[in-house]
file upload_27.cif (mmCIF, C-alpha atoms)
data_upload
#
loop_
_atom_site.group_PDB
_atom_site.id
_atom_site.type_symbol
_atom_site.label_atom_id
_atom_site.label_comp_id
_atom_site.auth_asym_id
_atom_site.auth_seq_id
_atom_site.Cartn_x
_atom_site.Cartn_y
_atom_site.Cartn_z
ATOM 1 C CA MET A 31 55.229 -33.527 -42.317
ATOM 2 C CA MET A 32 53.767 -31.808 -45.367
ATOM 3 C CA THR A 33 56.383 -30.973 -47.964
ATOM 4 C CA TYR A 34 56.505 -27.576 -49.546
ATOM 5 C CA GLN A 35 55.949 -29.162 -52.930
ATOM 6 C CA ARG A 36 52.781 -30.917 -51.715
ATOM 7 C CA CYS A 37 51.569 -27.816 -49.899
ATOM 8 C CA THR A 38 52.039 -25.661 -52.967
ATOM 9 C CA GLY A 39 50.365 -28.291 -55.100
ATOM 10 C CA ARG A 40 47.349 -28.361 -52.812
ATOM 11 C CA ILE A 41 47.092 -24.576 -52.855
ATOM 12 C CA ALA A 42 47.403 -24.534 -56.652
ATOM 13 C CA GLY A 43 44.774 -27.253 -56.994
ATOM 14 C CA ALA A 44 42.368 -25.414 -54.714
ATOM 15 C CA LEU A 45 42.880 -22.155 -56.571
ATOM 16 C CA LEU A 46 42.364 -23.895 -59.889
ATOM 17 C CA ALA A 47 39.099 -25.352 -58.592
ATOM 18 C CA VAL A 48 37.979 -21.893 -57.505
ATOM 19 C CA ALA A 49 38.878 -20.495 -60.926
ATOM 20 C CA VAL A 50 36.923 -23.192 -62.741
ATOM 21 C CA GLY A 51 33.958 -22.722 -60.418
ATOM 22 C CA ALA A 52 34.021 -18.983 -60.997
ATOM 23 C CA ALA A 53 34.168 -19.495 -64.747
ATOM 24 C CA LEU A 54 31.152 -21.789 -64.616
ATOM 25 C CA ALA A 55 29.269 -19.179 -62.612
ATOM 26 C CA PHE A 56 29.517 -16.615 -65.389
ATOM 27 C CA PRO A 57 26.537 -16.476 -67.790
ATOM 28 C CA ALA A 58 26.901 -18.471 -70.969
ATOM 29 C CA HIS A 59 27.560 -16.606 -74.182
ATOM 30 C CA ALA A 60 26.728 -18.517 -77.313
ATOM 31 C CA SER A 61 26.652 -16.494 -80.479
ATOM 32 C CA LEU A 62 25.993 -12.847 -81.365
ATOM 33 C CA ILE A 63 24.748 -13.251 -84.923
ATOM 34 C CA ALA A 64 24.319 -9.594 -85.876
ATOM 35 C CA TYR A 65 24.905 -6.210 -84.259
ATOM 36 C CA ASP A 66 24.558 -2.619 -85.432
ATOM 37 C CA SER A 67 25.434 0.250 -83.103
ATOM 38 C CA PHE A 68 24.526 2.839 -85.770
ATOM 39 C CA SER A 69 27.944 4.413 -85.342
ATOM 40 C CA TYR A 70 27.664 6.342 -88.584
ATOM 41 C CA ALA A 71 28.383 10.037 -88.978
ATOM 42 C CA ALA A 72 25.689 12.386 -87.697
ATOM 43 C CA GLY A 73 23.643 13.972 -90.468
ATOM 44 C CA THR A 74 24.300 11.213 -92.993
ATOM 45 C CA PRO A 75 21.446 9.110 -94.419
ATOM 46 C CA ILE A 76 21.200 5.501 -93.288
ATOM 47 C CA SER A 77 20.763 4.190 -96.828
ATOM 48 C CA GLY A 78 23.962 2.496 -98.004
ATOM 49 C CA GLN A 79 25.435 2.318 -94.509
ATOM 50 C CA GLY A 80 26.503 -0.867 -92.780
ATOM 51 C CA THR A 81 29.663 -2.910 -92.463
ATOM 52 C CA ASN A 82 30.216 -6.633 -92.015
ATOM 53 C CA ALA A 83 32.333 -6.160 -88.912
ATOM 54 C CA ASN A 84 29.443 -7.317 -86.684
ATOM 55 C CA TRP A 85 27.096 -8.593 -89.371
ATOM 56 C CA PRO A 86 26.979 -11.824 -91.379
ATOM 57 C CA THR A 87 29.446 -11.480 -94.234
ATOM 58 C CA THR A 88 26.751 -12.353 -96.747
ATOM 59 C CA GLY A 89 24.446 -9.645 -95.375
ATOM 60 C CA GLN A 90 23.509 -6.396 -97.070
ATOM 61 C CA LYS A 91 23.733 -2.701 -96.242
ATOM 62 C CA TRP A 92 20.753 -0.615 -95.136
ATOM 63 C CA THR A 93 18.224 0.342 -97.788
ATOM 64 C CA GLN A 94 15.837 3.222 -97.253
ATOM 65 C CA GLY A 95 12.115 3.726 -97.691
ATOM 66 C CA THR A 96 10.154 6.660 -98.984
ATOM 67 C CA ASN A 97 11.167 9.367 -96.506
ATOM 68 C CA HIS A 98 14.374 10.612 -94.949
ATOM 69 C CA ALA A 99 15.996 8.660 -92.111
ATOM 70 C CA SER A 100 19.427 9.749 -90.943
ATOM 71 C CA MET A 101 21.903 9.600 -88.105
ATOM 72 C CA GLU A 102 21.893 11.988 -85.165
ATOM 73 C CA THR A 103 23.534 12.359 -81.757
ATOM 74 C CA PRO A 104 21.275 10.911 -79.051
ATOM 75 C CA GLY A 105 19.400 13.540 -77.048
ATOM 76 C CA SER A 106 19.005 13.835 -73.300
ATOM 77 C CA ASP A 107 15.823 11.741 -73.446
ATOM 78 C CA PHE A 108 17.742 8.725 -74.748
ATOM 79 C CA ASN A 109 18.459 6.288 -71.906
ATOM 80 C CA TYR A 110 20.270 3.011 -72.594
ATOM 81 C CA HIS A 111 19.325 1.435 -69.245
ATOM 82 C CA GLY A 112 22.860 0.185 -68.604
ATOM 83 C CA LEU A 113 23.287 -1.338 -72.063
ATOM 84 C CA ALA A 114 26.659 -1.083 -73.800
ATOM 85 C CA HIS A 115 26.378 1.393 -76.657
ATOM 86 C CA ALA A 116 28.393 3.409 -79.127
ATOM 87 C CA GLY A 117 27.954 6.070 -81.772
ATOM 88 C CA ASN A 118 24.780 7.830 -82.860
ATOM 89 C CA VAL A 119 21.109 6.885 -83.207
ATOM 90 C CA LEU A 120 18.870 6.309 -86.215
ATOM 91 C CA ASP A 121 16.382 9.183 -86.500
ATOM 92 C CA PHE A 122 13.156 9.093 -88.506
ATOM 93 C CA VAL A 123 11.976 12.493 -89.654
ATOM 94 C CA GLY A 124 8.228 11.997 -89.918
ATOM 95 C CA GLY A 125 5.917 10.013 -92.089
ATOM 96 C CA TYR A 126 6.293 6.432 -93.235
ATOM 97 C CA ALA A 127 10.049 5.902 -93.244
ATOM 98 C CA PRO A 128 11.024 2.232 -93.096
ATOM 99 C CA VAL A 129 14.593 1.075 -93.518
ATOM 100 C CA PHE A 130 15.635 -2.521 -94.230
ATOM 101 C CA ARG A 131 18.729 -4.651 -93.799
ATOM 102 C CA GLN A 132 19.123 -8.270 -94.840
ATOM 103 C CA PHE A 133 21.061 -10.821 -92.786
ATOM 104 C CA GLY A 134 22.254 -12.750 -95.831
ATOM 105 C CA ALA A 135 20.886 -15.966 -94.332
ATOM 106 C CA THR A 136 17.469 -17.326 -93.394
ATOM 107 C CA TYR A 137 16.658 -18.267 -89.800
ATOM 108 C CA ASN A 138 13.725 -20.392 -88.672
ATOM 109 C CA THR A 139 12.183 -20.492 -85.202
ATOM 110 C CA ALA A 140 11.449 -24.241 -85.313
ATOM 111 C CA ASN A 141 13.412 -25.868 -82.453
ATOM 112 C CA ASN A 142 15.701 -22.825 -82.261
ATOM 113 C CA ILE A 143 16.084 -20.046 -79.705
ATOM 114 C CA TYR A 144 16.771 -16.500 -80.868
ATOM 115 C CA TRP A 145 17.086 -13.259 -78.916
ATOM 116 C CA PHE A 146 16.748 -9.675 -80.146
ATOM 117 C CA SER A 147 17.268 -6.331 -78.466
ATOM 118 C CA VAL A 148 16.828 -2.740 -79.578
ATOM 119 C CA VAL A 149 16.658 0.658 -77.894
ATOM 120 C CA MET A 150 13.973 3.009 -79.192
ATOM 121 C CA ASP A 151 11.823 5.974 -78.346
ATOM 122 C CA VAL A 152 8.827 7.614 -79.977
ATOM 123 C CA ASP A 153 8.227 11.342 -80.245
ATOM 124 C CA LYS A 154 4.501 11.150 -79.491
ATOM 125 C CA ASN A 155 1.761 8.637 -78.853
ATOM 126 C CA PRO A 156 -1.021 9.319 -81.350
ATOM 127 C CA ALA A 157 -3.925 6.931 -81.762
ATOM 128 C CA GLY A 158 -3.518 4.492 -84.609
ATOM 129 C CA ALA A 159 0.227 5.087 -85.039
ATOM 130 C CA TYR A 160 2.931 2.471 -84.942
ATOM 131 C CA ALA A 161 6.697 2.417 -84.549
ATOM 132 C CA GLY A 162 9.096 -0.455 -84.131
ATOM 133 C CA LEU A 163 11.230 -3.251 -85.510
ATOM 134 C CA SER A 164 9.966 -6.129 -87.624
ATOM 135 C CA LEU A 165 11.393 -9.449 -88.769
ATOM 136 C CA PHE A 166 10.769 -9.957 -92.478
ATOM 137 C CA ASN A 167 10.918 -12.890 -94.877
ATOM 138 C CA THR A 168 11.553 -11.543 -98.364
ATOM 139 C CA ALA A 169 10.671 -14.935 -99.878
ATOM 140 C CA ASN A 170 7.112 -14.590 -98.584
ATOM 141 C CA THR A 171 5.732 -12.157 -101.128
ATOM 142 C CA SER A 172 2.145 -12.300 -99.808
ATOM 143 C CA HIS A 173 3.010 -11.539 -96.191
ATOM 144 C CA PRO A 174 6.690 -10.621 -95.742
ATOM 145 C CA GLU A 175 6.345 -9.220 -92.192
ATOM 146 C CA GLN A 176 6.598 -12.078 -89.692
ATOM 147 C CA PHE A 177 7.062 -10.529 -86.252
ATOM 148 C CA PHE A 178 6.846 -7.009 -84.797
ATOM 149 C CA ILE A 179 8.310 -5.364 -81.670
ATOM 150 C CA GLY A 180 7.443 -1.863 -80.458
ATOM 151 C CA GLN A 181 4.308 0.293 -80.509
ATOM 152 C CA ASP A 182 1.474 -1.318 -82.452
ATOM 153 C CA ASN A 183 -1.454 0.622 -83.847
ATOM 154 C CA LEU A 184 -3.977 -0.592 -81.258
ATOM 155 C CA ASN A 185 -2.179 -0.149 -77.938
ATOM 156 C CA THR A 186 -0.483 2.539 -75.897
ATOM 157 C CA ASN A 187 1.808 0.052 -74.147
ATOM 158 C CA TRP A 188 4.963 -1.577 -75.583
ATOM 159 C CA SER A 189 4.041 -4.818 -77.290
ATOM 160 C CA MET A 190 4.956 -7.570 -79.757
ATOM 161 C CA GLU A 191 2.949 -9.232 -82.488
ATOM 162 C CA LEU A 192 3.033 -12.478 -84.433
ATOM 163 C CA SER A 193 2.103 -10.908 -87.724
ATOM 164 C CA ALA A 194 0.965 -14.061 -89.531
ATOM 165 C CA ILE A 195 -2.074 -14.458 -87.244
ATOM 166 C CA THR A 196 -2.141 -10.990 -85.611
ATOM 167 C CA ARG A 197 -1.470 -12.438 -82.157
ATOM 168 C CA ARG A 198 -0.335 -9.748 -79.726
ATOM 169 C CA GLY A 199 1.438 -9.725 -76.407
ATOM 170 C CA VAL A 200 0.970 -6.383 -74.676
ATOM 171 C CA SER A 201 3.187 -5.406 -71.728
ATOM 172 C CA GLY A 202 2.085 -3.396 -68.728
ATOM 173 C CA VAL A 203 4.626 -0.687 -69.546
ATOM 174 C CA ALA A 204 3.041 2.450 -70.964
ATOM 175 C CA ILE A 205 4.682 4.207 -73.896
ATOM 176 C CA THR A 206 6.091 7.538 -72.749
ATOM 177 C CA PRO A 207 6.967 9.892 -75.610
ATOM 178 C CA GLU A 208 10.593 11.009 -75.776
ATOM 179 C CA HIS A 209 11.704 8.368 -73.283
ATOM 180 C CA ALA A 210 13.829 5.537 -74.674
ATOM 181 C CA VAL A 211 13.221 1.931 -73.697
ATOM 182 C CA LEU A 212 15.256 -1.248 -74.045
ATOM 183 C CA LEU A 213 13.139 -3.939 -75.687
ATOM 184 C CA VAL A 214 14.346 -7.544 -75.586
ATOM 185 C CA VAL A 215 12.511 -10.449 -77.245
ATOM 186 C CA GLU A 216 13.032 -14.188 -77.033
ATOM 187 C CA LEU A 217 11.671 -16.447 -79.758
ATOM 188 C CA ASN A 218 11.873 -19.922 -78.262
ATOM 189 C CA GLY A 219 11.077 -22.648 -80.769
ATOM 190 C CA LYS A 220 11.772 -25.332 -78.170
ATOM 191 C CA THR A 221 8.986 -24.202 -75.819
ATOM 192 C CA ASP A 222 6.980 -22.509 -78.606
ATOM 193 C CA THR A 223 6.814 -19.183 -76.784
ATOM 194 C CA ALA A 224 7.542 -15.568 -77.606
ATOM 195 C CA SER A 225 8.545 -13.367 -74.667
ATOM 196 C CA LEU A 226 8.965 -9.595 -74.445
ATOM 197 C CA PHE A 227 11.073 -7.901 -71.769
ATOM 198 C CA VAL A 228 10.749 -4.122 -71.382
ATOM 199 C CA ASN A 229 13.727 -2.492 -69.617
ATOM 200 C CA PRO A 230 14.789 -5.833 -68.059
ATOM 201 C CA THR A 231 16.849 -5.735 -64.870
ATOM 202 C CA PRO A 232 19.554 -6.831 -64.449
ATOM 203 C CA ILE A 233 21.075 -7.220 -67.885
ATOM 204 C CA GLY A 234 24.187 -9.033 -69.048
ATOM 205 C CA GLY A 235 23.404 -12.359 -67.381
ATOM 206 C CA SER A 236 20.281 -14.485 -67.177
ATOM 207 C CA PRO A 237 16.888 -13.132 -68.246
ATOM 208 C CA PRO A 238 14.319 -12.086 -65.633
ATOM 209 C CA ALA A 239 12.093 -14.924 -64.475
ATOM 210 C CA THR A 240 8.923 -13.166 -65.597
ATOM 211 C CA PRO A 241 8.636 -11.483 -69.003
ATOM 212 C CA SER A 242 6.648 -8.294 -69.571
ATOM 213 C CA ALA A 243 4.459 -10.151 -72.075
ATOM 214 C CA THR A 244 4.325 -13.619 -73.582
ATOM 215 C CA PHE A 245 2.271 -15.781 -75.943
ATOM 216 C CA SER A 246 2.422 -19.152 -77.689
ATOM 217 C CA ILE A 247 3.847 -19.571 -81.174
ATOM 218 C CA ALA A 248 2.962 -23.275 -81.300
ATOM 219 C CA GLY A 249 2.046 -24.213 -84.839
ATOM 220 C CA TYR A 250 3.332 -20.898 -86.197
ATOM 221 C CA ASP A 251 7.056 -21.359 -86.678
ATOM 222 C CA PHE A 252 8.348 -18.828 -89.174
ATOM 223 C CA SER A 253 11.450 -17.877 -91.126
ATOM 224 C CA PHE A 254 13.091 -14.473 -91.459
ATOM 225 C CA ASN A 255 16.058 -13.023 -93.316
ATOM 226 C CA GLU A 256 15.675 -9.262 -92.899
ATOM 227 C CA ILE A 257 14.799 -6.579 -90.374
ATOM 228 C CA ARG A 258 12.741 -3.466 -90.916
ATOM 229 C CA ILE A 259 12.725 -0.420 -88.639
ATOM 230 C CA GLY A 260 10.118 2.215 -89.247
ATOM 231 C CA ALA A 261 7.201 4.336 -88.061
ATOM 232 C CA GLY A 262 3.849 5.079 -89.621
ATOM 233 C CA ALA A 263 2.588 8.628 -90.068
ATOM 234 C CA PRO A 264 2.192 10.748 -88.039
ATOM 235 C CA GLN A 265 4.569 8.933 -85.655
ATOM 236 C CA THR A 266 8.338 9.532 -85.557
ATOM 237 C CA MET A 267 10.979 7.611 -83.636
ATOM 238 C CA ASP A 268 14.647 6.966 -82.885
ATOM 239 C CA ALA A 269 16.295 3.538 -82.739
ATOM 240 C CA ASP A 270 19.695 2.270 -81.685
ATOM 241 C CA GLU A 271 21.763 -0.745 -80.631
ATOM 242 C CA PHE A 272 20.191 -3.620 -82.539
ATOM 243 C CA ARG A 273 21.460 -7.042 -81.502
ATOM 244 C CA PHE A 274 20.543 -10.549 -82.668
ATOM 245 C CA GLY A 275 21.918 -13.598 -80.869
ATOM 246 C CA THR A 276 21.103 -16.872 -79.167
ATOM 247 C CA THR A 277 21.181 -15.908 -75.475
ATOM 248 C CA PHE A 278 19.885 -13.060 -73.335
ATOM 249 C CA ALA A 279 23.457 -12.252 -72.276
ATOM 250 C CA ASP A 280 24.532 -11.887 -75.910
ATOM 251 C CA VAL A 281 22.020 -9.143 -76.638
ATOM 252 C CA THR A 282 22.250 -7.275 -73.310
ATOM 253 C CA PRO A 283 25.952 -6.522 -72.631
ATOM 254 C CA THR A 284 26.438 -3.914 -69.921
ATOM 255 C CA ASP A 285 28.119 -0.543 -70.393
ATOM 256 C CA THR A 286 30.245 -0.937 -67.228
ATOM 257 C CA PRO A 287 33.636 -2.564 -67.904
ATOM 258 C CA ALA A 288 33.886 -5.710 -65.837
ATOM 259 C CA PRO A 289 36.745 -5.894 -63.306
ATOM 260 C CA ALA A 290 39.434 -8.512 -63.741
ATOM 261 C CA SER A 291 37.577 -11.797 -63.798
ATOM 262 C CA TRP A 292 37.877 -14.416 -61.098
ATOM 263 C CA MET A 293 39.427 -16.635 -63.733
ATOM 264 C CA THR A 294 42.258 -14.167 -64.322
ATOM 265 C CA PHE A 295 42.696 -13.543 -60.597
ATOM 266 C CA CYS A 296 42.779 -17.190 -59.626
ATOM 267 C CA PHE A 297 45.187 -18.218 -62.352
ATOM 268 C CA ALA A 298 47.470 -15.385 -61.255
ATOM 269 C CA LEU A 299 47.427 -16.841 -57.739
ATOM 270 C CA VAL A 300 48.079 -20.306 -59.132
ATOM 271 C CA ALA A 301 51.099 -19.018 -61.035
ATOM 272 C CA LEU A 302 52.366 -17.241 -57.948
ATOM 273 C CA ALA A 303 51.879 -20.325 -55.812
ATOM 274 C CA PHE A 304 53.833 -22.466 -58.256
ATOM 275 C CA GLY A 305 56.532 -19.825 -58.362
ATOM 276 C CA ARG A 306 56.835 -19.819 -54.574
ATOM 277 C CA GLY A 307 56.958 -23.601 -54.585
ATOM 278 C CA ARG A 308 59.840 -23.636 -57.028
ATOM 279 C CA PHE A 309 61.687 -21.077 -54.906
ATOM 280 C CA LEU A 310 61.373 -23.235 -51.784
ATOM 281 C CA ARG A 311 62.904 -26.288 -53.403
ATOM 282 C CA ASN A 312 66.635 -26.567 -52.751
ATOM 283 C CA ASP A 313 67.586 -28.719 -55.726
ATOM 284 C CA SER A 314 66.414 -29.894 -59.121
ATOM 285 C CA ARG A 315 65.336 -33.258 -57.702
ATOM 286 C CA MET A 316 62.434 -31.474 -55.978
ATOM 287 C CA LYS A 317 63.259 -32.789 -52.504
ATOM 288 C CA VAL A 318 61.884 -31.107 -49.411
ATOM 289 C CA ALA A 319 63.989 -28.135 -48.446
ATOM 290 C CA SER A 320 65.663 -28.469 -45.064
ATOM 291 C CA ALA A 321 64.683 -26.113 -42.246
ATOM 292 C CA SER A 322 68.139 -24.552 -42.262
ATOM 293 C CA THR A 323 67.700 -23.337 -45.833
ATOM 294 C CA ILE A 324 64.235 -21.838 -45.372
ATOM 295 C CA PRO A 325 63.525 -18.392 -43.939
ATOM 296 C CA VAL A 326 61.868 -18.485 -40.513
ATOM 297 C CA ARG A 327 58.531 -17.208 -41.804
ATOM 298 C CA TRP A 328 58.278 -20.249 -44.130
ATOM 299 C CA GLN A 329 59.156 -22.879 -41.515
ATOM 300 C CA VAL A 330 55.677 -22.736 -39.964
ATOM 301 C CA LEU A 331 54.479 -24.724 -42.953
ATOM 302 C CA SER A 332 56.159 -27.860 -41.666
ATOM 303 C CA SER A 333 53.923 -28.097 -38.595
ATOM 304 C CA LYS A 334 50.767 -26.132 -39.491
ATOM 305 C CA PRO A 335 48.143 -26.589 -42.205
ATOM 306 C CA CYS A 336 49.145 -24.672 -45.266
ATOM 307 C CA SER A 337 47.070 -21.741 -46.490
ATOM 308 C CA VAL A 338 47.039 -19.291 -49.350
ATOM 309 C CA ALA A 339 48.185 -16.555 -47.017
ATOM 310 C CA GLN A 340 51.191 -18.582 -45.906
ATOM 311 C CA ILE A 341 52.211 -19.506 -49.418
ATOM 312 C CA LEU A 342 51.853 -15.931 -50.651
#
call {"tool": "encode", "arguments": {"input": "upload_27.cif", "output": "structure tokens"}}
result
Amino acid sequence: MMTYQRCTGRIAGALLAVAVGAALAFPAHASLIAYDSFSYAAGTPISGQGTNANWPTTGQKWTQGTNHASMETPGSDFNYHGLAHAGNVLDFVGGYAPVFRQFGATYNTANNIYWFSVVMDVDKNPAGAYAGLSLFNTANTSHPEQFFIGQDNLNTNWSMELSAITRRGVSGVAITPEHAVLLVVELNGKTDTASLFVNPTPIGGSPPATPSATFSIAGYDFSFNEIRIGAGAPQTMDADEFRFGTTFADVTPTDTPAPASWMTFCFALVALAFGRGRFLRNDSRMKVASASTIPVRWQVLSSKPCSVAQIL
């Protein structure tokens, strides 16, 4: 006959196994290195903004280029594609208006994997214009721009570029003015590839199997310590939700709060099962409770296989 202690133990062990399995099924999160939601007051300039709450503590605040770039409330054309977001957006008011922010550390693509994401839109699509986000290396005075994501000056589709050798990866997604896109880039120094994902689906877990564009970075590992966001005249743009991390899941959190995780649920059941087991024991020596001391609905456990439903 199976004792109540053994039955409860088996239930608890099974539930614990389920909880661990569920935890392993969740996507891995490694490290979100830097994040800026641009949650600064509408109408204020971006220059001098920036906290270290989600940024490396040795990093700097935003510095501004030649023209005005300020914060504004996102318009109806701004779509985050399910991405978690907060606050306002960075708005460029015409002309060449780059803004810069240093990480406070230097990162190199050699044998490392880095992910970036940003939401942006452009106000028009003129020939020869560009708008986007670049990775810079301030120590490289001859060619500080290392990598570019966005609208380059030769294409009307969203693209990326290895600036050192002008190698481009152009997606099949056309640039639609006043329609925001989520751009996600992987720089994989282990496989020597750069991959661009335009409005990837789903987000928050593993990356799609097929990127929107890709090219080799073999032999062209590079370092960066700063980002630049800007648009060249006569283009204007908005940008928001910059993230820099080491996994796709890090830089694509969803805007829908997740329900109580399986881990939480299963451990709650484990606790309840142990509690029931303690209740069924009739003394501190943890002997099997006699049938006379157990309510009728619990006595079925002595002759039938135990189950979660019976324990609970």
call {"tool": "resolve_selection", "arguments": {"input": "upload_27.cif", "expression": "the PyMOL selection byres ((chain A and resi 119) around 8)", "output": "PyMOL selection string"}}
result
chain A and resi 67-69+101-104+117-118+120-121+268-270
call {"tool": "resolve_selection", "arguments": {"input": "upload_27.cif", "expression": "the PyMOL selection byres ((chain A and resi 115) around 12)", "output": "PyMOL selection string"}}
result
chain A and resi 65-69+104+108-114+116-119+148-149+212+269-273+281-286
call {"tool": "residues_around", "arguments": {"input": "upload_27.cif", "residues": "segment 193-201 of chain A", "least_positions_apart": "2", "cutoff": "7 Å", "atoms": "only C-alpha atoms", "output": "short mmCIF file (atom, residue, chain, number, x, y, z; two decimals) with C-alpha atoms, in the frame of the given file"}}
result
data_model
loop_
_atom_site.label_atom_id
_atom_site.label_comp_id
_atom_site.auth_asym_id
_atom_site.auth_seq_id
_atom_site.Cartn_x
_atom_site.Cartn_y
_atom_site.Cartn_z
CA GLU A 175 6.34 -9.22 -92.19
CA GLN A 176 6.60 -12.08 -89.69
CA PHE A 177 7.06 -10.53 -86.25
CA PHE A 178 6.85 -7.01 -84.80
CA ASN A 187 1.81 0.05 -74.15
CA TRP A 188 4.96 -1.58 -75.58
CA SER A 189 4.04 -4.82 -77.29
CA MET A 190 4.96 -7.57 -79.76
CA GLU A 191 2.95 -9.23 -82.49
CA VAL A 203 4.63 -0.69 -69.55
CA SER A 242 6.65 -8.29 -69.57
CA ALA A 243 4.46 -10.15 -72.08
CA THR A 244 4.32 -13.62 -73.58
CA PHE A 245 2.27 -15.78 -75.94
#
call {"tool": "atom_distance", "arguments": {"input": "upload_27.cif", "atom1": "atom CA of Leu184 of chain A", "atom2": "atom CA of Ser253 of chain A"}}
result
25.2 Å
call {"tool": "closest_residue", "arguments": {"input": "upload_27.cif", "among": "A:Pro232, A:Thr81, A:Thr240, A:Lys91", "to": "Arg131 of chain A", "atoms": "all atoms listed in the file"}}
result
A:Lys91
call {"tool": "atom_distance", "arguments": {"input": "upload_27.cif", "atom1": "atom CA of Tyr70 of chain A", "atom2": "atom CA of Phe146 of chain A"}}
result
21.1 Å
call {"tool": "atom_distance", "arguments": {"input": "upload_27.cif", "atom1": "atom CA of Pro230 of chain A", "atom2": "atom CA of Ala279 of chain A"}}
result
11.6 Å
call {"tool": "closest_residue", "arguments": {"input": "upload_27.cif", "among": "A:Ser100, A:Asn167, A:Asn155, A:Gln132", "to": "Asn82 of chain A", "atoms": "all atoms listed in the file"}}
result
A:Gln132
call {"tool": "closest_residue", "arguments": {"input": "upload_27.cif", "among": "A:Ala263, A:Ala161, A:Ile76, A:Ala248", "to": "Phe130 of chain A", "atoms": "all atoms listed in the file"}}
result
A:Ile76
call {"tool": "build_atoms", "arguments": {"input": "upload_27.cif", "residues": "segment 78-95 of chain A", "atoms": "N, CA and C atoms", "output": "compact mmCIF listing (two decimals), keeping the file's coordinate frame"}}
result
# COMPACT_ATOMS: atom_id res chain seq x y z
N GLY A 78 22.61 2.79 -97.55
CA GLY A 78 23.96 2.50 -98.00
C GLY A 78 24.96 2.30 -96.90
N GLN A 79 24.54 2.51 -95.65
CA GLN A 79 25.44 2.32 -94.51
C GLN A 79 25.42 0.85 -94.09
N GLY A 80 26.45 0.48 -93.32
CA GLY A 80 26.50 -0.87 -92.78
C GLY A 80 27.76 -1.59 -93.18
N THR A 81 28.46 -2.13 -92.20
CA THR A 81 29.66 -2.91 -92.46
C THR A 81 29.42 -4.35 -92.02
N ASN A 82 30.32 -5.23 -92.41
CA ASN A 82 30.22 -6.63 -92.02
C ASN A 82 31.04 -6.95 -90.78
N ALA A 83 31.51 -5.92 -90.10
CA ALA A 83 32.33 -6.16 -88.91
C ALA A 83 31.56 -6.93 -87.85
N ASN A 84 30.27 -6.63 -87.67
CA ASN A 84 29.44 -7.32 -86.68
C ASN A 84 28.18 -7.89 -87.32
N TRP A 85 28.26 -8.14 -88.61
CA TRP A 85 27.10 -8.59 -89.37
C TRP A 85 27.51 -9.78 -90.21
N PRO A 86 26.59 -10.70 -90.50
CA PRO A 86 26.98 -11.82 -91.38
C PRO A 86 27.62 -11.32 -92.67
N THR A 87 28.68 -11.96 -93.08
CA THR A 87 29.45 -11.48 -94.23
C THR A 87 28.63 -11.50 -95.52
N THR A 88 27.59 -12.31 -95.55
CA THR A 88 26.75 -12.35 -96.75
C THR A 88 25.59 -11.35 -96.67
N GLY A 89 25.53 -10.60 -95.56
CA GLY A 89 24.45 -9.64 -95.38
C GLY A 89 24.59 -8.42 -96.26
N GLN A 90 23.56 -7.58 -96.22
CA GLN A 90 23.51 -6.40 -97.07
C GLN A 90 23.63 -5.12 -96.23
N LYS A 91 23.76 -4.00 -96.90
CA LYS A 91 23.73 -2.70 -96.24
C LYS A 91 22.28 -2.25 -96.08
N TRP A 92 22.09 -1.15 -95.34
CA TRP A 92 20.75 -0.62 -95.14
C TRP A 92 20.20 -0.03 -96.44
N THR A 93 18.94 -0.30 -96.68
CA THR A 93 18.22 0.34 -97.79
C THR A 93 17.09 1.16 -97.19
N GLN A 94 16.75 2.25 -97.84
CA GLN A 94 15.84 3.22 -97.25
C GLN A 94 14.49 3.25 -97.95
N GLY A 95 13.46 3.63 -97.16
CA GLY A 95 12.12 3.73 -97.69
C GLY A 95 11.84 5.07 -98.33
